[in-house]
Every structure is written in C-alpha cells, then in structure tokens.
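Data block below; observations after.
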Amino acid sequence: MTFNYQNIKQGKILKKFERIFIFLLLILSNVYLSAADKNMNYQPYLQSVSEHSAIIMVESGSSDNIIIEYGENQTNLNQSSQTYLYKQCVDNKSSFMHRIKLTGLKSNSQYYYHIKNHTNNNAPFSFRTFVSTGTDFDFVCAGDCRSGTKPHSNIAKLIKSYSPLLCMYSGDLCYNGSYSSWIDEFFLPDEMKIIESAPFYNSIGNHEAGHNNTEIFTEAPESLSGHWDYYSFDCGDVHFLVLSTETTIDPGSKQYMFAKTDLENTKKKWKFVMFHKPAYCAGGHGEDKTMIEVSKKIFVPNKVDCVLTGHSHFYQRNEVNGIKHLVIGGGGAPLYNPKNNNYTKVTKKDYHFANFEVKSDKIQVTVINDKNEKIDQFEIKK
Ligand SMILES: [Fe+2]
Ligand SMILES: [Fe+2]
C-alpha cells in the first residue's frame with residue numbers, strides 16, 4: 001500500500017464508518033439491555049400454594065416444557081416436575097406462561113427450587129408451604145399499584161422485609177391488563193423478589209379486567225367456583241374468599257350463590273373476603289350499592305371478620321355491623337382525597353400496605369406507609 005492522498009481519504013472514511021458502527025452497536029446493546037431488564041423470562045413466581053402443593057409460573061419464549069427441580073435441602077434438589085399447562089399471552093404470541101405443579105409437599109416447610117438448565121440458577125429460590133390448622137402465620141395485603149412504579153417498588157421492598165407467607169392483592173395491579181402493562185408495571189424486580197417466595201392472590205380490578213392476560217398471569221386455587229376470577233382457599237385458621245366486582249354478583253347470580261354457600265360451609269375460625277370495589281368507602285370512588293347488599297345478606301349472617309378492598313387510592317378502616325371493611329388502595333397509583341363517614345375509624349392519604357399476624361386468639365393488623373411508618377394498628381378478635 002502506498003502512502004498517498006487516496007489511501008488517507010479511504011482511511012478517514014473507514015474510521016468514520018468504524019465510529020458509526022461502534023455508535024450503532026452501543027445503541028443496539030442499550031436497547032437490548034433495557035429490553036432484557038424488562039423481560040420476565042425465566043423469573044419464576046408462585047401461585048396457589050397449599051399445605052401440600054404449589055404452582056410455579058415461568059414465562060418463556062416457547063411451548064417447550066419447563067422443568068423445575070426442587071427439594072427441602074438447597075444443595076440437593078432431588079425432585080422434579082414439568083409444565084402441565086401453558087397459556088400464550090393474548091397480545092404477545094412469543095410469551096408462554098408455564099404452570100409447573102409441585103405436589104406431595106410437607107405443610108409448614110421450606111422448599112428450594114430452580115429452573116433446570118437455565119443460567120438464572122445462581123442460588124435456588126425458596127418458599128414455604130401453607131401452615132395447618134392451629135399454626136400462626138403472617139400475610140400482607142396491598143393494592144392499586146398500577147403505573148406508580150416508584151412507590152410500588154418502595155412498598156414491595158418493605159413487604160419483602162416482612163417475609164409474608166402469602167400476599168392478598170386487591171386489584172388494579174396494572175393500567176390496562178395488556179402484556180406490556182403487566183410486565184412494565186406489576187412484574188417489577190422488587191415485586192418479583194416477593195412473589196418468587198410467596199404466592200399472590202388477586203381480586204381483579206377494573207383496570208386489568210378489560211384484558212384476558214390477567215387469566216394468563218394468574219392461576220387461581222382449585223375451588224368449587226370453577227372460575228379463575230372468584231374462588232376460595234384456606235391457610236391455617238383463616239378462610240379466604242376472593243370475589244370479582246368485574247363479574248355480576250347481584251343476589252341470585254352464580255357468583256353470589258358460590259359466595260353464600262362458601263361462607264356457610266367453611267369451618268375455619270377466621271373469615272376474610274377480598275374484592276376490588278369497596279362496599280363502604282368515604283371519598284374517592286365512594287360506596288358500592290351491590291357490595292353493600294352482598295355484605296348485608298351474606299357477610300353479616302356468616303360472621304365475616306374482615307373485608308379487604310382497593311379501588312379508592314388511600315387507606316381507610318371502616319367498621320359496619322361488626323365487620324372491618326378496609327380500603328387498601330395505596331399501592332402506587334396517584335392518591336385520592338379520603339373523606340369521613342360515621343362508620344370511618346381511620347383514614348389516611350398515603351402509600352401503604354397492611355400486615356396481618358394471625359395468632360390463635362387474635363389477628364394483629366399493622367398498616368405501614370412507604371416510609372416504613374405505622375399509620376394504623378388494631379386487633380381483630382372474636
Ligand atoms: Fe385503582
Ligand atoms: Fe379500580
């Protein structure tokens with residue numbers, strides 16, 4: 001090669017191309033990284049745990065079976081189970097939500113698990129099975145995180161520090177139930193840290209109701225309802241009934257009859273009901289006539305202890321006919337101004353969640369804001 005003007009010019013052009021190439025590479029790697037950050041693929045979470053079983057949910061880009069290896073000793077995951085069912089996301093055909101059921105587990109026991117043949121397996125994940133009758137446990141309730149990802153992450157970090165056995169979520173977990181709103185808003189890294197170790201149970205909110213992905217991302221416990229959006233389950237001495245205010249629940253309807261029979265038949269000491277739109281609420285979206293009727297006709301005669309709801313973005317403790325009706329709607333979405341009614345005991349405009357310590361003679365409830373300050377505390381007793 002001779003050293004002449006033409007070669008110098010070519011060299012300069014090549015260097016320019018080199019610079020453009022490197023620049024494009026940087027942009028592409030950034031795009032890839034941010035997409036990877038938001039990707040939930042192979043980040044497992046729990047649904048429908050019981051004393052003797054658990055369902056692990058795993059998203060992958062294909063329908064090929066996912067294998068979970070698990071066991072009681074974290075250095076010896078000597079059992080395995082694989083996909084028994086997958087569901088494809090409605091608006092993202094390259095997202096397959098796998099369900100893997102672990103069975104034959106011991107109650108009140110710690111289990112470790114990982115996804116076989118996946119690089120995500122640095123240390124195994126772990127969870128605890130549900131406790132049997134007569135055993136104390138803690139659970140949390142939060143709701144309406146929606147697109148408020150910053151306060152949601154703060155609340156999630158605090159929830160994780162309480163190590164709940166299970167999470168009751170009162171709906172509006174994302175803005176519209178689309179694939180991207182679930183991934184970008186609900187399945188945040190801080191949220192994943194909770195739900196890889198403890199199952200969440202959602203009472204569907206009006207925001208995620210308009211999209212079938214909610215059914216894809218949740219797997220309700222098997223119950224006599226035969227429905228994914230209203231169901232019941234037990235843990236320790238507590239019976240949980242989860243209802244949908246997005247499906248008809250008028251007296252005489254299928255859901256109403258299920259709720260009535262369910263509450264009449266449970267033998268559990270404590271009865272909790274959760275649904276999204278509160279029966280009794282001062283300020284925000286206010287009261288719900290149908291749920292007031294359901295409360296009077298079913299909850300009161302069956303001695304329900306506590307009702308968990310969301311929808312109005314603040315905290316409120318209302319007490320009507322001996323039942324505590326809590327509005328726990330400060331999970332992240334913009335806060336509303338609460339009001340007072342003659343049934344209102346405490347009300348706070350604050351991001352928050354509630355922790356429930358279930359003991360043999362009482363349930364201690366502590367409501368905590370996003371600064372880890374106590375904003376309410378009370379006991380539920382018989
Ligand atoms: Fe909401
Ligand atoms: Fe709502």
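Convention: chains lettered A, B, ... in structure tokens order; per-chain residue numbering from 1; ligands numbered from 1 as shown.
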Exercise. Tell me which protein, DNA and RNA residues are within 8 Å of A:Tyr111, counting only C-alpha atoms, leaving out same-chain ones fewer than 6 positions away, and put them as a count of residues only.
Key: 9
Exercise. For stretch 41-49 of chain A, list every protein, DNA or RNA residue within 8 Å, evaluated using only C-alpha atoms, and leave out those in the same chain fewer than 2 positions away; present the list as a VMD selection string.
Key: chain A and resid 39 51 to 61 115 118 120 129 to 130 192 195 to 201 218 to 221
With N, CA and C atoms retained, write the just-selected residues as a PDB file, in the first residue's frame.
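Once everything was written out, this is part_27.pdb:
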```pdb
ATOM      1  N   ASN A  39     -37.584  -7.964  30.718  1.00  0.00           N
ATOM      2  CA  ASN A  39     -38.021  -9.290  30.362  1.00  0.00           C
ATOM      3  C   ASN A  39     -38.202 -10.145  31.611  1.00  0.00           C
ATOM      4  N   GLU A  51     -51.033 -26.505  51.646  1.00  0.00           N
ATOM      5  CA  GLU A  51     -50.155 -27.213  52.596  1.00  0.00           C
ATOM      6  C   GLU A  51     -49.273 -28.245  51.887  1.00  0.00           C
ATOM      7  N   HIS A  52     -49.788 -28.800  50.799  1.00  0.00           N
ATOM      8  CA  HIS A  52     -49.073 -29.928  50.176  1.00  0.00           C
ATOM      9  C   HIS A  52     -48.741 -29.729  48.698  1.00  0.00           C
ATOM     10  N   SER A  53     -48.973 -28.526  48.179  1.00  0.00           N
ATOM     11  CA  SER A  53     -48.660 -28.313  46.763  1.00  0.00           C
ATOM     12  C   SER A  53     -48.363 -26.839  46.490  1.00  0.00           C
ATOM     13  N   ALA A  54     -47.808 -26.584  45.314  1.00  0.00           N
ATOM     14  CA  ALA A  54     -47.530 -25.199  44.904  1.00  0.00           C
ATOM     15  C   ALA A  54     -47.482 -25.163  43.377  1.00  0.00           C
ATOM     16  N   ILE A  55     -47.865 -24.034  42.808  1.00  0.00           N
ATOM     17  CA  ILE A  55     -47.733 -23.869  41.357  1.00  0.00           C
ATOM     18  C   ILE A  55     -46.658 -22.815  41.095  1.00  0.00           C
ATOM     19  N   ILE A  56     -45.657 -23.204  40.301  1.00  0.00           N
ATOM     20  CA  ILE A  56     -44.621 -22.253  39.891  1.00  0.00           C
ATOM     21  C   ILE A  56     -44.986 -21.766  38.496  1.00  0.00           C
ATOM     22  N   MET A  57     -44.983 -20.460  38.298  1.00  0.00           N
ATOM     23  CA  MET A  57     -45.262 -19.857  36.990  1.00  0.00           C
ATOM     24  C   MET A  57     -43.927 -19.426  36.385  1.00  0.00           C
ATOM     25  N   VAL A  58     -43.708 -19.766  35.121  1.00  0.00           N
ATOM     26  CA  VAL A  58     -42.472 -19.356  34.441  1.00  0.00           C
ATOM     27  C   VAL A  58     -42.825 -18.896  33.032  1.00  0.00           C
ATOM     28  N   GLU A  59     -42.364 -17.716  32.673  1.00  0.00           N
ATOM     29  CA  GLU A  59     -42.561 -17.250  31.299  1.00  0.00           C
ATOM     30  C   GLU A  59     -41.374 -17.696  30.449  1.00  0.00           C
ATOM     31  N   SER A  60     -41.673 -18.219  29.259  1.00  0.00           N
ATOM     32  CA  SER A  60     -40.582 -18.490  28.318  1.00  0.00           C
ATOM     33  C   SER A  60     -41.055 -18.137  26.916  1.00  0.00           C
ATOM     34  N   GLY A  61     -40.130 -18.158  25.983  1.00  0.00           N
ATOM     35  CA  GLY A  61     -40.459 -17.798  24.604  1.00  0.00           C
ATOM     36  C   GLY A  61     -40.943 -18.972  23.773  1.00  0.00           C
ATOM     37  N   ILE A 115     -34.983 -23.524  37.983  1.00  0.00           N
ATOM     38  CA  ILE A 115     -35.391 -23.983  36.653  1.00  0.00           C
ATOM     39  C   ILE A 115     -34.219 -24.779  36.077  1.00  0.00           C
ATOM     40  N   HIS A 118     -31.042 -23.649  33.246  1.00  0.00           N
ATOM     41  CA  HIS A 118     -31.138 -22.221  32.964  1.00  0.00           C
ATOM     42  C   HIS A 118     -30.120 -21.438  33.762  1.00  0.00           C
ATOM     43  N   ASN A 120     -30.241 -18.764  35.105  1.00  0.00           N
ATOM     44  CA  ASN A 120     -30.799 -17.982  36.198  1.00  0.00           C
ATOM     45  C   ASN A 120     -30.594 -18.661  37.553  1.00  0.00           C
ATOM     46  N   THR A 129     -44.484 -23.778  52.400  1.00  0.00           N
ATOM     47  CA  THR A 129     -45.848 -24.273  52.191  1.00  0.00           C
ATOM     48  C   THR A 129     -46.760 -23.699  53.286  1.00  0.00           C
ATOM     49  N   PHE A 130     -48.069 -23.759  53.025  1.00  0.00           N
ATOM     50  CA  PHE A 130     -49.023 -23.202  53.987  1.00  0.00           C
ATOM     51  C   PHE A 130     -49.024 -24.007  55.288  1.00  0.00           C
ATOM     52  N   MET A 192     -40.932  -9.080  41.960  1.00  0.00           N
ATOM     53  CA  MET A 192     -40.512 -10.469  41.690  1.00  0.00           C
ATOM     54  C   MET A 192     -39.851 -11.092  42.923  1.00  0.00           C
ATOM     55  N   ILE A 195     -42.683 -12.332  45.105  1.00  0.00           N
ATOM     56  CA  ILE A 195     -43.547 -13.423  44.618  1.00  0.00           C
ATOM     57  C   ILE A 195     -42.778 -14.660  44.134  1.00  0.00           C
ATOM     58  N   GLU A 196     -41.448 -14.584  44.113  1.00  0.00           N
ATOM     59  CA  GLU A 196     -40.676 -15.819  43.867  1.00  0.00           C
ATOM     60  C   GLU A 196     -40.681 -16.683  45.134  1.00  0.00           C
ATOM     61  N   SER A 197     -41.064 -16.044  46.285  1.00  0.00           N
ATOM     62  CA  SER A 197     -41.055 -16.758  47.579  1.00  0.00           C
ATOM     63  C   SER A 197     -42.423 -16.882  48.234  1.00  0.00           C
ATOM     64  N   ALA A 198     -43.400 -16.106  47.760  1.00  0.00           N
ATOM     65  CA  ALA A 198     -44.730 -16.141  48.380  1.00  0.00           C
ATOM     66  C   ALA A 198     -45.779 -15.922  47.295  1.00  0.00           C
ATOM     67  N   PRO A 199     -46.844 -16.712  47.295  1.00  0.00           N
ATOM     68  CA  PRO A 199     -47.842 -16.547  46.226  1.00  0.00           C
ATOM     69  C   PRO A 199     -48.654 -15.272  46.414  1.00  0.00           C
ATOM     70  N   PHE A 200     -49.139 -14.703  45.298  1.00  0.00           N
ATOM     71  CA  PHE A 200     -50.112 -13.609  45.427  1.00  0.00           C
ATOM     72  C   PHE A 200     -51.462 -14.060  44.895  1.00  0.00           C
ATOM     73  N   TYR A 201     -52.508 -13.522  45.528  1.00  0.00           N
ATOM     74  CA  TYR A 201     -53.890 -13.798  45.133  1.00  0.00           C
ATOM     75  C   TYR A 201     -54.507 -12.459  44.782  1.00  0.00           C
ATOM     76  N   THR A 218     -52.253 -15.332  36.104  1.00  0.00           N
ATOM     77  CA  THR A 218     -52.641 -15.820  37.439  1.00  0.00           C
ATOM     78  C   THR A 218     -53.229 -17.223  37.321  1.00  0.00           C
ATOM     79  N   GLU A 219     -53.078 -17.993  38.355  1.00  0.00           N
ATOM     80  CA  GLU A 219     -53.642 -19.352  38.379  1.00  0.00           C
ATOM     81  C   GLU A 219     -54.325 -19.529  39.724  1.00  0.00           C
ATOM     82  N   ALA A 220     -55.635 -19.424  39.710  1.00  0.00           N
ATOM     83  CA  ALA A 220     -56.397 -19.470  40.962  1.00  0.00           C
ATOM     84  C   ALA A 220     -56.384 -20.865  41.562  1.00  0.00           C
ATOM     85  N   PRO A 221     -56.498 -20.943  42.893  1.00  0.00           N
ATOM     86  CA  PRO A 221     -56.600 -22.262  43.512  1.00  0.00           C
ATOM     87  C   PRO A 221     -57.867 -22.960  43.015  1.00  0.00           C
TER      88      PRO A 221
END
```
Exercise. Pick out the residues no farther than 10 Å from ligand 2, counting only C-alpha atoms and all ligand atoms, and list them as a list in words.
Key: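 Sorted by chain and then by number, the residues are Gly143, Asp144, Arg146, Ser170, Gly171, Asp172, Leu173, Tyr175, Ile204, Gly205, Asn206, His207, Glu208, Ala209, Thr245, Glu246, His276, Lys277, Pro278, His285, Thr309, Gly310, His311, Ser312, His313, Gly329 and Ala333 of chain A.
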Quiz prompt | Contacts of stretch 365-372 of chain A at 8 Å (only C-alpha atoms; same-chain gap of 2+ positions) as a ChimeraX atom specification | solution = /A:151,154-155,158,350-357,363,374-380
Exercise. Write out as a list in words all residues of stretch 90-123 of chain A that backbone DSSP assigns to strand (DSSP E or B).
Key: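 Result set for stretch 90-123 of chain A (strand (DSSP E or B)): Asn92, Lys93, Ser94, Ser95, Phe96, Met97, His98, Arg99, Ile100, Lys101, Leu102, Gln110, Tyr111, Tyr112, Tyr113, His114 and Ile115 of chain A.
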Same residues, N, CA, C and O atoms, output as a short mmCIF file (atom, residue, chain, number, x, y, z; two decimals), in the first residue's frame:
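Okay, this is what ended up in result_10.cif:
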```
data_model
loop_
_atom_site.label_atom_id
_atom_site.label_comp_id
_atom_site.auth_asym_id
_atom_site.auth_seq_id
_atom_site.Cartn_x
_atom_site.Cartn_y
_atom_site.Cartn_z
N ASN A 92 -49.17 -10.99 22.94
CA ASN A 92 -47.75 -11.25 22.69
C ASN A 92 -47.59 -12.75 22.50
O ASN A 92 -47.43 -13.51 23.46
N LYS A 93 -47.63 -13.14 21.24
CA LYS A 93 -47.65 -14.59 20.95
C LYS A 93 -46.31 -15.26 21.22
O LYS A 93 -46.20 -16.48 21.14
N SER A 94 -45.27 -14.47 21.54
CA SER A 94 -44.00 -15.12 21.88
C SER A 94 -43.82 -15.24 23.39
O SER A 94 -42.73 -15.51 23.88
N SER A 95 -44.90 -15.00 24.15
CA SER A 95 -44.84 -15.17 25.60
C SER A 95 -45.72 -16.36 26.01
O SER A 95 -46.93 -16.34 25.81
N PHE A 96 -45.09 -17.37 26.57
CA PHE A 96 -45.80 -18.57 27.02
C PHE A 96 -45.68 -18.65 28.53
O PHE A 96 -44.57 -18.72 29.07
N MET A 97 -46.81 -18.63 29.23
CA MET A 97 -46.79 -18.71 30.69
C MET A 97 -46.99 -20.17 31.11
O MET A 97 -48.09 -20.71 31.01
N HIS A 98 -45.92 -20.76 31.60
CA HIS A 98 -45.96 -22.18 32.00
C HIS A 98 -46.40 -22.32 33.45
O HIS A 98 -46.06 -21.48 34.28
N ARG A 99 -47.15 -23.36 33.71
CA ARG A 99 -47.53 -23.72 35.08
C ARG A 99 -46.87 -25.06 35.40
O ARG A 99 -47.05 -26.04 34.64
N ILE A 100 -46.14 -25.11 36.51
CA ILE A 100 -45.50 -26.35 36.95
C ILE A 100 -45.99 -26.61 38.37
O ILE A 100 -45.82 -25.75 39.24
N LYS A 101 -46.62 -27.76 38.58
CA LYS A 101 -47.19 -28.04 39.90
C LYS A 101 -46.27 -28.95 40.70
O LYS A 101 -45.85 -30.00 40.20
N LEU A 102 -45.94 -28.51 41.92
CA LEU A 102 -45.17 -29.34 42.83
C LEU A 102 -46.16 -29.99 43.80
O LEU A 102 -46.97 -29.28 44.40
N GLN A 110 -40.05 -25.34 54.41
CA GLN A 110 -39.29 -24.54 53.45
C GLN A 110 -38.86 -25.45 52.29
O GLN A 110 -38.34 -26.54 52.52
N TYR A 111 -39.10 -24.98 51.07
CA TYR A 111 -38.65 -25.72 49.88
C TYR A 111 -37.78 -24.82 49.02
O TYR A 111 -37.98 -23.59 48.99
N TYR A 112 -36.83 -25.43 48.33
CA TYR A 112 -35.94 -24.71 47.41
C TYR A 112 -36.21 -25.21 46.00
O TYR A 112 -36.56 -26.39 45.82
N TYR A 113 -36.06 -24.33 45.01
CA TYR A 113 -36.32 -24.77 43.63
C TYR A 113 -35.51 -23.95 42.65
O TYR A 113 -35.08 -22.83 42.96
N HIS A 114 -35.30 -24.50 41.47
CA HIS A 114 -34.75 -23.73 40.37
C HIS A 114 -35.24 -24.30 39.04
O HIS A 114 -35.85 -25.37 39.00
N ILE A 115 -34.98 -23.52 37.98
CA ILE A 115 -35.39 -23.98 36.65
C ILE A 115 -34.22 -24.78 36.08
O ILE A 115 -33.09 -24.27 36.02
#
```
Quiz prompt | Non-local contacts of A:Tyr231 (6 Å; only C-alpha atoms; under 4 positions in same chain excluded) as an NGL selection string | solution = :A and (223 or 225 or 242)
Kindly save the residues from that selection, with all heavy atoms included, as a PDB file, in the first residue's frame.
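Result file is part_1.pdb:
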```pdb
ATOM      1  N   SER A 223     -61.214 -24.444  43.312  1.00  0.00           N
ATOM      2  CA  SER A 223     -62.256 -24.338  44.334  1.00  0.00           C
ATOM      3  C   SER A 223     -63.588 -24.674  43.678  1.00  0.00           C
ATOM      4  O   SER A 223     -63.658 -24.849  42.463  1.00  0.00           O
ATOM      5  CB  SER A 223     -62.285 -22.930  44.952  1.00  0.00           C
ATOM      6  OG  SER A 223     -62.873 -22.011  44.066  1.00  0.00           O
ATOM      7  N   SER A 225     -65.937 -22.969  42.907  1.00  0.00           N
ATOM      8  CA  SER A 225     -66.482 -21.977  41.966  1.00  0.00           C
ATOM      9  C   SER A 225     -66.244 -22.420  40.526  1.00  0.00           C
ATOM     10  O   SER A 225     -67.033 -22.129  39.640  1.00  0.00           O
ATOM     11  CB  SER A 225     -65.830 -20.600  42.186  1.00  0.00           C
ATOM     12  OG  SER A 225     -64.572 -20.511  41.553  1.00  0.00           O
ATOM     13  N   VAL A 242     -62.190 -14.874  47.675  1.00  0.00           N
ATOM     14  CA  VAL A 242     -61.827 -13.788  46.744  1.00  0.00           C
ATOM     15  C   VAL A 242     -62.927 -13.660  45.712  1.00  0.00           C
ATOM     16  O   VAL A 242     -63.281 -14.644  45.043  1.00  0.00           O
ATOM     17  CB  VAL A 242     -60.468 -14.097  46.069  1.00  0.00           C
ATOM     18  CG1 VAL A 242     -60.122 -13.002  45.060  1.00  0.00           C
ATOM     19  CG2 VAL A 242     -59.360 -14.229  47.113  1.00  0.00           C
TER      20      VAL A 242
END
```
Exercise. Could you tell me, as an NGL selection string, which residues of stretch 30-266 of chain A DSSP assigns to alpha helix (DSSP H) when given the backbone?
Key: :A and (30-38 or 149-161 or 179-181 or 189-195 or 206-209 or 213-217 or 254-265)
Restricted to N, CA and C atoms, what would the selected residues look like written as a short mmCIF file (atom, residue, chain, number, x, y, z; two decimals), in the first residue's frame?
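Done, and the output landed in result_39.cif:
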```
data_model
loop_
_atom_site.label_atom_id
_atom_site.label_comp_id
_atom_site.auth_asym_id
_atom_site.auth_seq_id
_atom_site.Cartn_x
_atom_site.Cartn_y
_atom_site.Cartn_z
N ASN A 30 -27.72 -1.10 24.17
CA ASN A 30 -28.55 -0.44 25.19
C ASN A 30 -30.00 -0.85 25.07
N VAL A 31 -30.49 -0.88 23.80
CA VAL A 31 -31.88 -1.28 23.56
C VAL A 31 -32.06 -2.71 24.08
N TYR A 32 -31.06 -3.57 23.74
CA TYR A 32 -31.16 -4.97 24.15
C TYR A 32 -31.18 -5.07 25.68
N LEU A 33 -30.29 -4.30 26.33
CA LEU A 33 -30.21 -4.37 27.80
C LEU A 33 -31.50 -3.92 28.45
N SER A 34 -32.07 -2.79 27.94
CA SER A 34 -33.29 -2.31 28.60
C SER A 34 -34.43 -3.30 28.35
N ALA A 35 -34.44 -3.94 27.13
CA ALA A 35 -35.48 -4.94 26.89
C ALA A 35 -35.27 -6.13 27.81
N ALA A 36 -33.98 -6.51 27.98
CA ALA A 36 -33.70 -7.66 28.84
C ALA A 36 -34.07 -7.36 30.29
N ASP A 37 -33.84 -6.11 30.73
CA ASP A 37 -34.21 -5.71 32.09
C ASP A 37 -35.69 -5.93 32.34
N LYS A 38 -36.48 -5.62 31.29
CA LYS A 38 -37.93 -5.69 31.45
C LYS A 38 -38.47 -7.09 31.18
N THR A 149 -44.85 3.02 39.52
CA THR A 149 -43.80 2.01 39.74
C THR A 149 -42.84 2.38 40.87
N LYS A 150 -42.62 3.69 41.08
CA LYS A 150 -41.66 4.08 42.13
C LYS A 150 -42.20 3.75 43.54
N PRO A 151 -43.41 4.29 43.88
CA PRO A 151 -43.95 3.90 45.19
C PRO A 151 -44.20 2.39 45.29
N HIS A 152 -44.59 1.79 44.18
CA HIS A 152 -44.81 0.33 44.19
C HIS A 152 -43.52 -0.39 44.60
N SER A 153 -42.38 0.01 44.01
CA SER A 153 -41.10 -0.63 44.36
C SER A 153 -40.76 -0.43 45.84
N ASN A 154 -41.02 0.80 46.34
CA ASN A 154 -40.75 1.06 47.76
C ASN A 154 -41.59 0.17 48.66
N ILE A 155 -42.89 0.08 48.33
CA ILE A 155 -43.80 -0.78 49.11
C ILE A 155 -43.34 -2.24 49.02
N ALA A 156 -42.96 -2.65 47.80
CA ALA A 156 -42.54 -4.06 47.60
C ALA A 156 -41.32 -4.40 48.45
N LYS A 157 -40.36 -3.46 48.52
CA LYS A 157 -39.16 -3.71 49.35
C LYS A 157 -39.57 -3.93 50.81
N LEU A 158 -40.51 -3.09 51.28
CA LEU A 158 -40.95 -3.22 52.69
C LEU A 158 -41.69 -4.53 52.90
N ILE A 159 -42.56 -4.88 51.95
CA ILE A 159 -43.31 -6.15 52.08
C ILE A 159 -42.33 -7.31 52.18
N LYS A 160 -41.31 -7.28 51.33
CA LYS A 160 -40.31 -8.37 51.33
C LYS A 160 -39.66 -8.50 52.72
N SER A 161 -39.41 -7.34 53.38
CA SER A 161 -38.75 -7.37 54.69
C SER A 161 -39.64 -8.02 55.76
N TYR A 179 -50.08 -7.02 27.82
CA TYR A 179 -48.82 -7.68 28.16
C TYR A 179 -47.82 -6.66 28.70
N SER A 180 -47.65 -5.54 27.97
CA SER A 180 -46.62 -4.57 28.39
C SER A 180 -46.98 -3.92 29.72
N SER A 181 -48.26 -3.68 30.00
CA SER A 181 -48.57 -3.05 31.29
C SER A 181 -48.32 -4.03 32.45
N PRO A 189 -38.72 -5.73 39.35
CA PRO A 189 -37.74 -6.56 40.06
C PRO A 189 -38.04 -6.70 41.56
N ASP A 190 -38.47 -5.61 42.21
CA ASP A 190 -38.77 -5.69 43.66
C ASP A 190 -40.01 -6.55 43.93
N GLU A 191 -40.97 -6.51 43.02
CA GLU A 191 -42.16 -7.35 43.17
C GLU A 191 -41.79 -8.82 42.97
N MET A 192 -40.93 -9.08 41.96
CA MET A 192 -40.51 -10.47 41.69
C MET A 192 -39.85 -11.09 42.92
N LYS A 193 -39.10 -10.24 43.68
CA LYS A 193 -38.41 -10.78 44.86
C LYS A 193 -39.41 -11.27 45.91
N ILE A 194 -40.60 -10.62 45.97
CA ILE A 194 -41.63 -11.11 46.91
C ILE A 194 -42.23 -12.40 46.38
N ILE A 195 -42.68 -12.33 45.10
CA ILE A 195 -43.55 -13.42 44.62
C ILE A 195 -42.78 -14.66 44.13
N ASN A 206 -60.89 -3.11 37.97
CA ASN A 206 -61.45 -2.61 36.70
C ASN A 206 -60.35 -2.33 35.68
N HIS A 207 -59.12 -2.02 36.14
CA HIS A 207 -58.05 -1.69 35.19
C HIS A 207 -57.52 -2.90 34.42
N GLU A 208 -57.32 -4.03 35.10
CA GLU A 208 -56.80 -5.19 34.36
C GLU A 208 -57.93 -6.08 33.84
N ALA A 209 -59.19 -5.67 34.12
CA ALA A 209 -60.31 -6.53 33.75
C ALA A 209 -60.56 -6.59 32.25
N ASN A 213 -55.23 -11.18 29.57
CA ASN A 213 -53.91 -11.55 30.09
C ASN A 213 -53.94 -11.81 31.59
N THR A 214 -54.90 -11.23 32.30
CA THR A 214 -54.98 -11.43 33.75
C THR A 214 -55.16 -12.92 34.04
N GLU A 215 -55.93 -13.59 33.21
CA GLU A 215 -56.10 -15.03 33.37
C GLU A 215 -54.82 -15.78 33.00
N ILE A 216 -54.04 -15.20 32.11
CA ILE A 216 -52.79 -15.85 31.68
C ILE A 216 -51.75 -15.79 32.80
N PHE A 217 -51.70 -14.63 33.50
CA PHE A 217 -50.64 -14.42 34.51
C PHE A 217 -51.01 -14.91 35.91
N LYS A 254 -74.66 -16.47 39.80
CA LYS A 254 -73.79 -17.63 40.04
C LYS A 254 -72.71 -17.31 41.10
N GLN A 255 -72.09 -16.12 40.95
CA GLN A 255 -71.02 -15.75 41.89
C GLN A 255 -71.57 -15.54 43.30
N TYR A 256 -72.75 -14.91 43.38
CA TYR A 256 -73.39 -14.66 44.68
C TYR A 256 -73.68 -15.99 45.37
N MET A 257 -74.23 -16.96 44.62
CA MET A 257 -74.59 -18.24 45.21
C MET A 257 -73.35 -19.01 45.67
N PHE A 258 -72.25 -18.87 44.88
CA PHE A 258 -70.99 -19.51 45.29
C PHE A 258 -70.50 -18.90 46.61
N ALA A 259 -70.50 -17.57 46.68
CA ALA A 259 -70.02 -16.87 47.88
C ALA A 259 -70.85 -17.26 49.11
N LYS A 260 -72.15 -17.31 48.93
CA LYS A 260 -73.07 -17.65 50.04
C LYS A 260 -72.78 -19.07 50.56
N THR A 261 -72.76 -20.04 49.64
CA THR A 261 -72.52 -21.44 50.02
C THR A 261 -71.13 -21.59 50.64
N ASP A 262 -70.16 -20.90 50.05
CA ASP A 262 -68.78 -20.99 50.53
C ASP A 262 -68.68 -20.52 51.99
N LEU A 263 -69.27 -19.36 52.28
CA LEU A 263 -69.17 -18.83 53.65
C LEU A 263 -70.00 -19.66 54.63
N GLU A 264 -71.12 -20.19 54.16
CA GLU A 264 -71.95 -21.03 55.05
C GLU A 264 -71.23 -22.33 55.43
N ASN A 265 -70.40 -22.84 54.52
CA ASN A 265 -69.80 -24.16 54.74
C ASN A 265 -68.44 -24.17 55.41
#
```
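The closest residue to A:Cys235, picked from A:Asp64, A:Asp138, A:Glu185, A:Asp91 and counting only C-alpha atoms, is A:Asp138.
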Self-check item: Of the listed residues A:Ser147, A:Ser109, A:Asn117, A:Ser50, that which approaches ligand 1 most closely, counting only C-alpha atoms and all ligand atoms
Solution: A:Ser147
Exercise. Please measure the separation of atom CA of A:Lys106 and atom CA of A:Ala123, giving the value in Å to one decimal.
Key: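 One can read the atom CA of A:Lys106 to atom CA of A:Ala123 distance as 22.1 Å.
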Self-check item: Top pick for closest residue to ligand 1, considering A:Val320, A:Leu85, A:Ala142, A:Met274 and counting only C-alpha atoms and all ligand atoms
Solution: A:Ala142
Practice problem: Considering only C-alpha atoms, state which residue in the set A:Cys281, A:Asp184, A:Val307, A:Lys116 is at the smallest distance from A:Val346. | Solution: A:Cys281
Quiz prompt | Contacts of A:Trp270 within 8 Å, only C-alpha atoms, excl. fewer than 5 positions in-chain, as a list in words | solution =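 The residues satisfying every condition are Asp237, Val238, His239, Val304 and Asp305 of chain A.
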Exercise. Identify which of the residues A:Gln316, A:Thr248, A:Asn176, A:Thr347 lies closest to ligand 1, counting only C-alpha atoms and all ligand atoms when measuring atom-to-atom distances.
Key: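 Closest residue, counting only C-alpha atoms and all ligand atoms: A:Asn176.
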Exercise. Have a look at atom CA of A:Tyr343 and atom 1 (Fe, counted along the ligand's line) of ligand 1 and let me know their distance in Å, one decimal.
Key: 22.0 Å
